[in-house]
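Asks: query-v6.cif is reproduced in full below (mmCIF, C-alpha atoms and all ligand atoms).
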data_start
loop_
_atom_site.group_PDB
_atom_site.id
_atom_site.type_symbol
_atom_site.label_atom_id
_atom_site.label_comp_id
_atom_site.auth_asym_id
_atom_site.auth_seq_id
_atom_site.Cartn_x
_atom_site.Cartn_y
_atom_site.Cartn_z
ATOM 1 C CA MET X 162 0.000 0.000 0.000
ATOM 2 C CA ILE X 163 2.741 2.455 0.951
ATOM 3 C CA GLN X 164 4.738 1.633 -2.172
ATOM 4 C CA GLU X 165 1.709 1.962 -4.419
ATOM 5 C CA ALA X 166 0.848 5.387 -3.041
ATOM 6 C CA ALA X 167 4.470 6.529 -3.324
ATOM 7 C CA ALA X 168 4.819 5.178 -6.860
ATOM 8 C CA TYR X 169 1.710 7.065 -7.950
ATOM 9 C CA ILE X 170 3.001 10.296 -6.413
ATOM 10 C CA SER X 171 6.434 9.828 -8.013
ATOM 11 C CA SER X 172 4.739 9.355 -11.369
ATOM 12 C CA LYS X 173 3.239 12.861 -11.026
ATOM 13 C CA SER X 174 6.364 14.790 -10.064
ATOM 14 C CA SER X 175 10.089 14.396 -10.491
ATOM 15 C CA VAL X 176 10.690 16.147 -7.169
ATOM 16 C CA GLN X 177 12.402 13.900 -4.638
ATOM 17 C CA PRO X 178 11.277 15.420 -1.368
ATOM 18 C CA GLU X 179 13.632 15.673 1.602
ATOM 19 C CA VAL X 180 11.357 17.636 3.912
ATOM 20 C CA GLY X 181 7.747 16.757 4.713
ATOM 21 C CA LEU X 182 5.214 19.321 5.862
ATOM 22 C CA ILE X 183 1.847 18.723 7.479
ATOM 23 C CA LEU X 184 -0.091 21.918 7.730
ATOM 24 C CA GLY X 185 -2.773 22.525 10.297
ATOM 25 C CA SER X 186 -5.881 24.692 10.185
ATOM 26 C CA GLY X 187 -5.529 27.854 8.165
ATOM 27 C CA LEU X 188 -1.971 27.256 6.956
ATOM 28 C CA GLY X 189 -2.835 25.684 3.630
ATOM 29 C CA VAL X 190 -1.811 28.903 1.890
ATOM 30 C CA LEU X 191 1.780 27.815 2.278
ATOM 31 C CA ALA X 192 0.989 25.768 -0.787
ATOM 32 C CA ASP X 193 1.035 29.030 -2.773
ATOM 33 C CA LEU X 194 4.693 29.504 -1.908
ATOM 34 C CA ILE X 195 5.787 26.244 -3.461
ATOM 35 C CA GLU X 196 7.859 26.697 -6.588
ATOM 36 C CA ASP X 197 7.067 24.526 -9.593
ATOM 37 C CA GLY X 198 4.514 22.741 -7.475
ATOM 38 C CA VAL X 199 2.420 19.799 -8.526
ATOM 39 C CA SER X 200 -0.834 19.232 -6.674
ATOM 40 C CA ILE X 201 -2.336 15.777 -6.286
ATOM 41 C CA PRO X 202 -5.827 15.485 -4.749
ATOM 42 C CA TYR X 203 -5.884 12.872 -1.999
ATOM 43 C CA GLU X 204 -8.693 10.977 -3.679
ATOM 44 C CA GLU X 205 -6.407 10.265 -6.646
ATOM 45 C CA ILE X 206 -3.691 8.640 -4.563
ATOM 46 C CA PRO X 207 -4.082 4.886 -4.072
ATOM 47 C CA HIS X 208 -4.941 3.968 -0.461
ATOM 48 C CA PHE X 209 -5.059 7.601 0.694
ATOM 49 C CA PRO X 210 -7.950 8.526 2.951
ATOM 50 C CA VAL X 211 -9.941 11.700 2.198
ATOM 51 C CA SER X 212 -10.309 14.477 4.782
ATOM 52 C CA THR X 213 -13.772 15.684 5.630
ATOM 53 C CA VAL X 214 -13.508 18.801 7.794
ATOM 54 C CA GLU X 215 -14.287 22.368 6.845
ATOM 55 C CA GLY X 216 -11.095 24.436 6.749
ATOM 56 C CA HIS X 217 -8.981 21.388 5.970
ATOM 57 C CA GLU X 218 -8.296 20.815 2.343
ATOM 58 C CA GLY X 219 -7.180 17.579 0.783
ATOM 59 C CA GLU X 220 -4.225 17.671 -1.518
ATOM 60 C CA LEU X 221 -0.616 16.656 -1.564
ATOM 61 C CA LEU X 222 1.867 19.100 -3.065
ATOM 62 C CA LEU X 223 5.358 18.471 -4.304
ATOM 63 C CA GLY X 224 7.791 21.169 -5.267
ATOM 64 C CA THR X 225 10.566 23.257 -3.812
ATOM 65 C CA ILE X 226 10.629 25.974 -1.170
ATOM 66 C CA LYS X 227 13.803 28.067 -1.052
ATOM 67 C CA GLY X 228 15.418 25.414 -3.191
ATOM 68 C CA ARG X 229 14.569 22.536 -0.873
ATOM 69 C CA PRO X 230 12.467 19.708 -2.304
ATOM 70 C CA VAL X 231 9.363 19.273 -0.177
ATOM 71 C CA VAL X 232 6.190 17.258 0.013
ATOM 72 C CA MET X 233 3.334 19.024 1.701
ATOM 73 C CA MET X 234 0.025 17.785 3.036
ATOM 74 C CA LYS X 235 -2.576 20.464 2.657
ATOM 75 C CA GLY X 236 -5.181 19.063 4.989
ATOM 76 C CA ARG X 237 -4.601 16.148 7.326
ATOM 77 C CA PHE X 238 -6.585 13.233 8.664
ATOM 78 C CA HIS X 239 -7.978 13.233 12.177
ATOM 79 C CA MET X 240 -9.149 10.380 14.317
ATOM 80 C CA TYR X 241 -12.389 12.250 15.084
ATOM 81 C CA GLU X 242 -13.270 11.812 11.418
ATOM 82 C CA GLY X 243 -13.469 8.135 12.157
ATOM 83 C CA TYR X 244 -10.044 7.063 10.918
ATOM 84 C CA GLY X 245 -7.853 4.781 12.949
ATOM 85 C CA PRO X 246 -4.519 6.240 14.126
ATOM 86 C CA GLU X 247 -2.615 4.208 11.522
ATOM 87 C CA VAL X 248 -4.786 5.765 8.807
ATOM 88 C CA THR X 249 -4.146 9.324 10.003
ATOM 89 C CA ALA X 250 -0.414 8.595 9.907
ATOM 90 C CA PHE X 251 -0.363 6.668 6.617
ATOM 91 C CA PRO X 252 0.827 9.711 4.638
ATOM 92 C CA VAL X 253 3.895 9.937 6.869
ATOM 93 C CA ARG X 254 4.885 6.422 5.819
ATOM 94 C CA VAL X 255 4.418 7.449 2.217
ATOM 95 C CA MET X 256 6.607 10.507 2.806
ATOM 96 C CA LYS X 257 9.317 8.256 4.202
ATOM 97 C CA GLU X 258 9.069 6.042 1.125
ATOM 98 C CA LEU X 259 9.459 9.164 -1.037
ATOM 99 C CA GLY X 260 12.725 9.979 0.743
ATOM 100 C CA VAL X 261 11.739 12.430 3.473
ATOM 101 C CA SER X 262 14.177 12.620 6.383
ATOM 102 C CA SER X 263 12.670 15.490 8.357
ATOM 103 C CA LEU X 264 9.087 16.476 9.029
ATOM 104 C CA LEU X 265 7.550 19.761 10.081
ATOM 105 C CA VAL X 266 4.118 19.381 11.648
ATOM 106 C CA THR X 267 1.966 22.360 12.467
ATOM 107 C CA ASN X 268 -1.356 22.492 14.234
ATOM 108 C CA ALA X 269 -3.852 24.695 15.983
ATOM 109 C CA ALA X 270 -4.389 24.140 19.677
ATOM 110 C CA GLY X 271 -5.937 25.591 22.765
ATOM 111 C CA GLY X 272 -3.633 27.188 25.326
ATOM 112 C CA VAL X 273 -3.645 25.235 28.583
ATOM 113 C CA ASN X 274 -0.733 27.200 30.015
ATOM 114 C CA THR X 275 -2.264 30.454 31.282
ATOM 115 C CA GLU X 276 0.910 32.370 30.419
ATOM 116 C CA PHE X 277 0.059 31.832 26.772
ATOM 117 C CA GLU X 278 -2.238 33.973 24.703
ATOM 118 C CA PRO X 279 -4.067 33.432 21.444
ATOM 119 C CA SER X 280 -1.770 34.040 18.449
ATOM 120 C CA ASP X 281 1.289 32.709 20.272
ATOM 121 C CA LEU X 282 3.377 30.183 18.380
ATOM 122 C CA MET X 283 4.599 27.295 20.507
ATOM 123 C CA LEU X 284 7.493 25.029 19.793
ATOM 124 C CA ILE X 285 6.404 21.529 20.759
ATOM 125 C CA THR X 286 8.999 20.115 23.153
ATOM 126 C CA ASP X 287 7.135 16.872 23.750
ATOM 127 C CA HIS X 288 3.673 15.392 23.590
ATOM 128 C CA LEU X 289 1.148 13.481 25.655
ATOM 129 C CA ASN X 290 -0.566 10.840 23.584
ATOM 130 C CA LEU X 291 -3.992 10.890 25.220
ATOM 131 C CA THR X 292 -5.854 9.393 22.303
ATOM 132 C CA GLY X 293 -6.004 6.049 24.066
ATOM 133 C CA THR X 294 -4.516 4.334 21.075
ATOM 134 C CA ASN X 295 -1.353 4.151 18.983
ATOM 135 C CA PRO X 296 -0.755 3.891 15.224
ATOM 136 C CA LEU X 297 1.835 1.153 15.756
ATOM 137 C CA ILE X 298 -0.582 -1.308 17.358
ATOM 138 C CA GLY X 299 -0.561 -4.607 15.498
ATOM 139 C CA PRO X 300 2.190 -6.736 14.011
ATOM 140 C CA ASN X 301 5.380 -4.722 13.517
ATOM 141 C CA ASP X 302 6.847 -4.549 10.038
ATOM 142 C CA ALA X 303 10.581 -4.507 10.752
ATOM 143 C CA ALA X 304 11.171 -2.883 7.369
ATOM 144 C CA LEU X 305 9.340 0.191 8.668
ATOM 145 C CA GLY X 306 10.920 0.430 12.109
ATOM 146 C CA VAL X 307 11.533 -1.289 15.419
ATOM 147 C CA ARG X 308 8.851 -2.874 17.611
ATOM 148 C CA PHE X 309 9.437 -0.510 20.546
ATOM 149 C CA PRO X 310 10.497 2.881 19.228
ATOM 150 C CA ASP X 311 12.341 5.308 21.471
ATOM 151 C CA MET X 312 10.318 8.460 22.104
ATOM 152 C CA SER X 313 12.780 10.236 24.414
ATOM 153 C CA GLU X 314 13.426 12.936 21.828
ATOM 154 C CA ALA X 315 10.292 12.784 19.714
ATOM 155 C CA TYR X 316 10.729 16.442 18.787
ATOM 156 C CA SER X 317 14.287 16.950 17.658
ATOM 157 C CA LEU X 318 16.404 19.134 19.917
ATOM 158 C CA ARG X 319 18.521 20.106 16.913
ATOM 159 C CA LEU X 320 15.479 21.332 14.992
ATOM 160 C CA ARG X 321 14.049 23.043 18.067
ATOM 161 C CA LYS X 322 17.223 25.076 18.428
ATOM 162 C CA ILE X 323 17.068 26.050 14.783
ATOM 163 C CA ALA X 324 13.421 27.088 15.139
ATOM 164 C CA LYS X 325 14.112 29.118 18.238
ATOM 165 C CA ASN X 326 16.954 31.005 16.559
ATOM 166 C CA THR X 327 15.010 31.504 13.359
ATOM 167 C CA ALA X 328 12.081 33.040 15.239
ATOM 168 C CA LYS X 329 14.515 35.286 17.095
ATOM 169 C CA ALA X 330 16.055 36.437 13.834
ATOM 170 C CA ARG X 331 12.536 37.216 12.622
ATOM 171 C CA GLY X 332 11.938 39.366 15.681
ATOM 172 C CA PHE X 333 9.739 37.240 17.896
ATOM 173 C CA LYS X 334 9.986 34.623 20.587
ATOM 174 C CA LEU X 335 8.497 31.170 20.341
ATOM 175 C CA LYS X 336 6.721 29.848 23.385
ATOM 176 C CA LYS X 337 7.551 26.235 24.144
ATOM 177 C CA GLY X 338 5.683 23.416 25.738
ATOM 178 C CA VAL X 339 4.011 20.043 25.783
ATOM 179 C CA TYR X 340 1.214 19.282 23.324
ATOM 180 C CA ALA X 341 -1.561 17.012 24.547
ATOM 181 C CA GLY X 342 -3.225 15.136 21.703
ATOM 182 C CA LEU X 343 -6.820 14.079 22.357
ATOM 183 C CA LEU X 344 -9.380 12.398 20.140
ATOM 184 C CA GLY X 345 -11.968 15.165 19.946
ATOM 185 C CA PRO X 346 -14.197 16.201 18.259
ATOM 186 C CA THR X 347 -15.618 17.903 21.339
ATOM 187 C CA TYR X 348 -13.517 20.650 22.791
ATOM 188 C CA GLU X 349 -12.520 19.790 26.336
ATOM 189 C CA THR X 350 -14.486 20.479 29.488
ATOM 190 C CA PRO X 351 -12.961 22.902 32.004
ATOM 191 C CA ALA X 352 -12.318 19.923 34.306
ATOM 192 C CA GLU X 353 -10.400 18.174 31.548
ATOM 193 C CA ILE X 354 -8.252 21.267 31.069
ATOM 194 C CA VAL X 355 -7.426 21.315 34.790
ATOM 195 C CA MET X 356 -6.499 17.627 34.473
ATOM 196 C CA LEU X 357 -4.310 18.304 31.428
ATOM 197 C CA ARG X 358 -2.470 21.087 33.236
ATOM 198 C CA VAL X 359 -1.775 18.751 36.156
ATOM 199 C CA LEU X 360 -0.480 16.201 33.653
ATOM 200 C CA GLY X 361 1.999 18.724 32.275
ATOM 201 C CA ALA X 362 0.269 19.900 29.111
ATOM 202 C CA ASP X 363 0.728 23.437 27.799
ATOM 203 C CA ALA X 364 -1.514 23.097 24.757
ATOM 204 C CA VAL X 365 -4.297 20.775 23.663
ATOM 205 C CA GLY X 366 -5.354 19.657 20.223
ATOM 206 C CA MET X 367 -6.807 16.828 18.168
ATOM 207 C CA SER X 368 -4.025 15.909 15.780
ATOM 208 C CA THR X 369 -0.270 15.377 15.427
ATOM 209 C CA VAL X 370 0.542 12.634 17.945
ATOM 210 C CA SER X 371 -0.128 9.671 15.663
ATOM 211 C CA GLU X 372 1.779 11.326 12.803
ATOM 212 C CA VAL X 373 4.752 11.981 15.045
ATOM 213 C CA ILE X 374 4.744 8.451 16.443
ATOM 214 C CA VAL X 375 4.866 7.003 12.925
ATOM 215 C CA ALA X 376 7.552 9.494 11.906
ATOM 216 C CA ARG X 377 9.743 8.470 14.835
ATOM 217 C CA HIS X 378 9.129 4.800 14.079
ATOM 218 C CA ALA X 379 10.385 5.546 10.579
ATOM 219 C CA GLY X 380 13.437 7.408 11.871
ATOM 220 C CA ILE X 381 12.236 10.770 10.591
ATOM 221 C CA GLU X 382 13.394 13.835 12.533
ATOM 222 C CA VAL X 383 10.426 15.930 13.695
ATOM 223 C CA LEU X 384 9.799 19.602 14.334
ATOM 224 C CA GLY X 385 6.387 20.609 15.666
ATOM 225 C CA ILE X 386 4.956 24.098 15.905
ATOM 226 C CA THR X 387 1.571 24.910 17.391
ATOM 227 C CA CYS X 388 -0.497 27.983 16.839
ATOM 228 C CA ILE X 389 -2.335 28.817 20.041
ATOM 229 C CA THR X 390 -5.664 29.796 18.512
ATOM 230 C CA ASN X 391 -7.658 30.152 21.718
ATOM 231 C CA MET X 392 -7.360 29.742 25.437
ATOM 232 C CA ALA X 393 -8.512 26.270 26.417
ATOM 233 C CA SER X 394 -11.910 25.615 27.918
ATOM 234 C CA GLY X 395 -12.718 27.250 31.260
ATOM 235 C CA ILE X 396 -9.840 29.743 31.228
ATOM 236 C CA LEU X 397 -11.850 32.622 29.821
ATOM 237 C CA ASP X 398 -15.520 33.225 30.413
ATOM 238 C CA GLN X 399 -16.539 32.403 26.862
ATOM 239 C CA PRO X 400 -17.417 29.358 24.778
ATOM 240 C CA LEU X 401 -14.975 27.852 22.262
ATOM 241 C CA SER X 402 -15.737 27.705 18.575
ATOM 242 C CA HIS X 403 -14.146 26.509 15.375
ATOM 243 C CA ASP X 404 -14.721 30.036 14.006
ATOM 244 C CA GLU X 405 -12.491 31.500 16.712
ATOM 245 C CA VAL X 406 -9.820 28.895 15.928
ATOM 246 C CA MET X 407 -9.913 29.720 12.221
ATOM 247 C CA GLU X 408 -9.937 33.491 12.842
ATOM 248 C CA THR X 409 -6.831 33.378 15.014
ATOM 249 C CA ALA X 410 -5.067 31.021 12.604
ATOM 250 C CA GLU X 411 -5.796 33.581 9.904
ATOM 251 C CA LEU X 412 -4.400 36.447 12.014
ATOM 252 C CA VAL X 413 -1.133 34.603 12.680
ATOM 253 C CA ARG X 414 -0.776 33.248 9.186
ATOM 254 C CA GLU X 415 1.836 35.656 7.847
ATOM 255 C CA LYS X 416 4.041 35.303 10.922
ATOM 256 C CA PHE X 417 3.684 31.514 10.875
ATOM 257 C CA LEU X 418 4.329 31.225 7.143
ATOM 258 C CA GLY X 419 7.406 33.444 7.315
ATOM 259 C CA LEU X 420 8.858 31.248 10.028
ATOM 260 C CA VAL X 421 8.064 28.005 8.231
ATOM 261 C CA VAL X 422 9.565 29.195 4.959
ATOM 262 C CA ASP X 423 12.781 30.240 6.725
ATOM 263 C CA LEU X 424 12.954 26.894 8.510
ATOM 264 C CA ILE X 425 12.608 24.625 5.506
ATOM 265 C CA PRO X 426 16.097 25.098 4.033
ATOM 266 C CA GLN X 427 17.596 24.501 7.482
ATOM 267 C CA MET X 428 15.789 21.244 8.177
HETATM 268 N N1 LIG J 501 -8.930 22.102 22.130
HETATM 269 C C1 LIG J 501 -8.684 21.105 21.262
HETATM 270 N N2 LIG J 501 -8.304 21.315 20.016
HETATM 271 C C2 LIG J 501 -8.153 22.573 19.610
HETATM 272 C C3 LIG J 501 -8.402 23.661 20.451
HETATM 273 C C4 LIG J 501 -8.812 23.413 21.783
HETATM 274 O O1 LIG J 501 -9.046 24.315 22.596
HETATM 275 N N3 LIG J 501 -8.153 24.783 19.724
HETATM 276 C C5 LIG J 501 -7.769 24.382 18.491
HETATM 277 N N4 LIG J 501 -7.774 23.040 18.407
#
Before we go any further, please render this structure as structure tokens.
Ligand code: HPA

Replies:
Amino acid sequence: MIQEAAAYISSKSSVQPEVGLILGSGLGVLADLIEDGVSIPYEEIPHFPVSTVEGHEGELLLGTIKGRPVVMMKGRFHMYEGYGPEVTAFPVRVMKELGVSSLLVTNAAGGVNTEFEPSDLMLITDHLNLTGTNPLIGPNDAALGVRFPDMSEAYSLRLRKIAKNTAKARGFKLKKGVYAGLLGPTYETPAEIVMLRVLGADAVGMSTVSEVIVARHAGIEVLGITCITNMASGILDQPLSHDEVMETAELVREKFLGLVVDLIPQM
């Protein structure tokens, strides 16, 4: 399945990607910055799932950014859509097959850490997989990775340093913290946010962890950046909405894109 998907993609573009990008809510416009890009709708790719959520598009792009060959997912798959964790992470395996050695994942999340504010960008230092499942469950294919992958540096320290310095050079400071990945699709209750804070989370979202687990299994180096689109449930006296998430993502877009574009050649 992985080989078939990769072979189809390779038949559409001569680009041999080194860097993979998975773009969260509102960041799909990065696709416009790809040079000589080829776009492949997910539904065309053998064995690819199709994403179903408003604000998440479904196409794979290959091309170069600042001279670096990249493969970019515009729109990702979430477990709340009904996909198993291994399905949400399938594209990462395909990226590996295409030659990717480093992966930049971005997402939108609620701020659990009360020092954060909406529009902050947070470097993910680590994650809490609170989805109750794992994409590597089942027989292990040794060709893909080891049975018990090390997760002690899931988010590469080398890439984190680069991201920190790049943000600094661009005139802003990245927040940093632990991303808690939950199933969704409900936003959390205030009690759940208190629990997450006790557990050590700084941000909470509904994506990323399964992709990162599969990337680490495959030996891909990972950089994760979160856009804090809202304060998590119960922190402010107001309800949460997808509209608020999309509005903030839109506000931060230029800053986020600038950072991502500067990071790609360094990854
Ligand atoms: N919770 C979970 N996922 C999210 C949030 C949130 O507050 N904001 C954006 N994605």

Asks: As an exercise, work out the distance from CA of Glu405 in chain X to atom N3 of ligand LIG 501 (chain J) in Å and give it to one decimal place.

Replies: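 If I compute the distance from CA of Glu405 in chain X to atom N3 of ligand LIG 501 (chain J), I get 8.5 Å.
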
Asks: Could you list as a ChimeraX atom specification every residue that has an atom within 8 Å of (-13.3, 16.5, 20.4), using the file's coordinates and counting all atoms listed in the file?

Replies: /X:241,343-349,367

Asks: Any idea what's packed within 7 Å of Asn391 in chain X, counting all atoms listed in the file, ignoring anything in its chain fewer than 4 positions away? Could you give it as a list in words?

Replies: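 Once the adjacent positions are removed, what remains is Gly271, Gly272, Pro279 and Val406 of chain X.
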
Asks: Step by step: start from the point (15.9, 33.8, 11.4) in the file's coordinates, keep every protein, DNA or RNA residue that has an atom no farther than 12 Å from it, count all atoms listed in the file, and write the set as a compact mmCIF listing (two decimals) with C-alpha atoms, in the frame of the given file.

Replies:
# COMPACT_ATOMS: atom_id res chain seq x y z
CA LYS X 322 17.22 25.08 18.43
CA ILE X 323 17.07 26.05 14.78
CA ALA X 324 13.42 27.09 15.14
CA LYS X 325 14.11 29.12 18.24
CA ASN X 326 16.95 31.00 16.56
CA THR X 327 15.01 31.50 13.36
CA ALA X 328 12.08 33.04 15.24
CA LYS X 329 14.52 35.29 17.10
CA ALA X 330 16.06 36.44 13.83
CA ARG X 331 12.54 37.22 12.62
CA GLY X 332 11.94 39.37 15.68
CA PHE X 333 9.74 37.24 17.90
CA LYS X 334 9.99 34.62 20.59
CA LEU X 335 8.50 31.17 20.34
CA LYS X 416 4.04 35.30 10.92
CA GLY X 419 7.41 33.44 7.32
CA LEU X 420 8.86 31.25 10.03
CA VAL X 421 8.06 28.00 8.23
CA VAL X 422 9.56 29.20 4.96
CA ASP X 423 12.78 30.24 6.72
CA LEU X 424 12.95 26.89 8.51
CA ILE X 425 12.61 24.62 5.51
CA PRO X 426 16.10 25.10 4.03
CA GLN X 427 17.60 24.50 7.48

Asks: Out of X:Glu179, X:Asp311, X:Glu258, X:Asp197, which residue has the shortest atom-to-atom distance to Ile163 in chain X when counting all atoms listed in the file?

Replies: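 Result for the nearest residue to Ile163 in chain X: X:Glu258.
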
Asks: Tell me, as a ChimeraX atom specification, which residues lie within 9 Å of Gly187 in chain X, counting only C-alpha atoms; anything in the same chain fewer than 4 positions away does not count.

Replies: /X:216-217,269,406-411,414

Asks: Apply the PyMOL selection byres (((chain X and resi 378) around 8) and not hetatm) to the structure shown and report the selected residues as an MDAnalysis selection string.

Replies: chainID X and resid 305:307 310 374:377 379:381

Asks: Determine the nearest neighbour of ligand LIG 501 (chain J) from the options X:His239, X:Tyr169, X:Glu415, X:Leu297, counting all atoms listed in the file.

Replies: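 Residue with the minimum atom-to-atom distance to ligand LIG 501 (chain J): X:His239.
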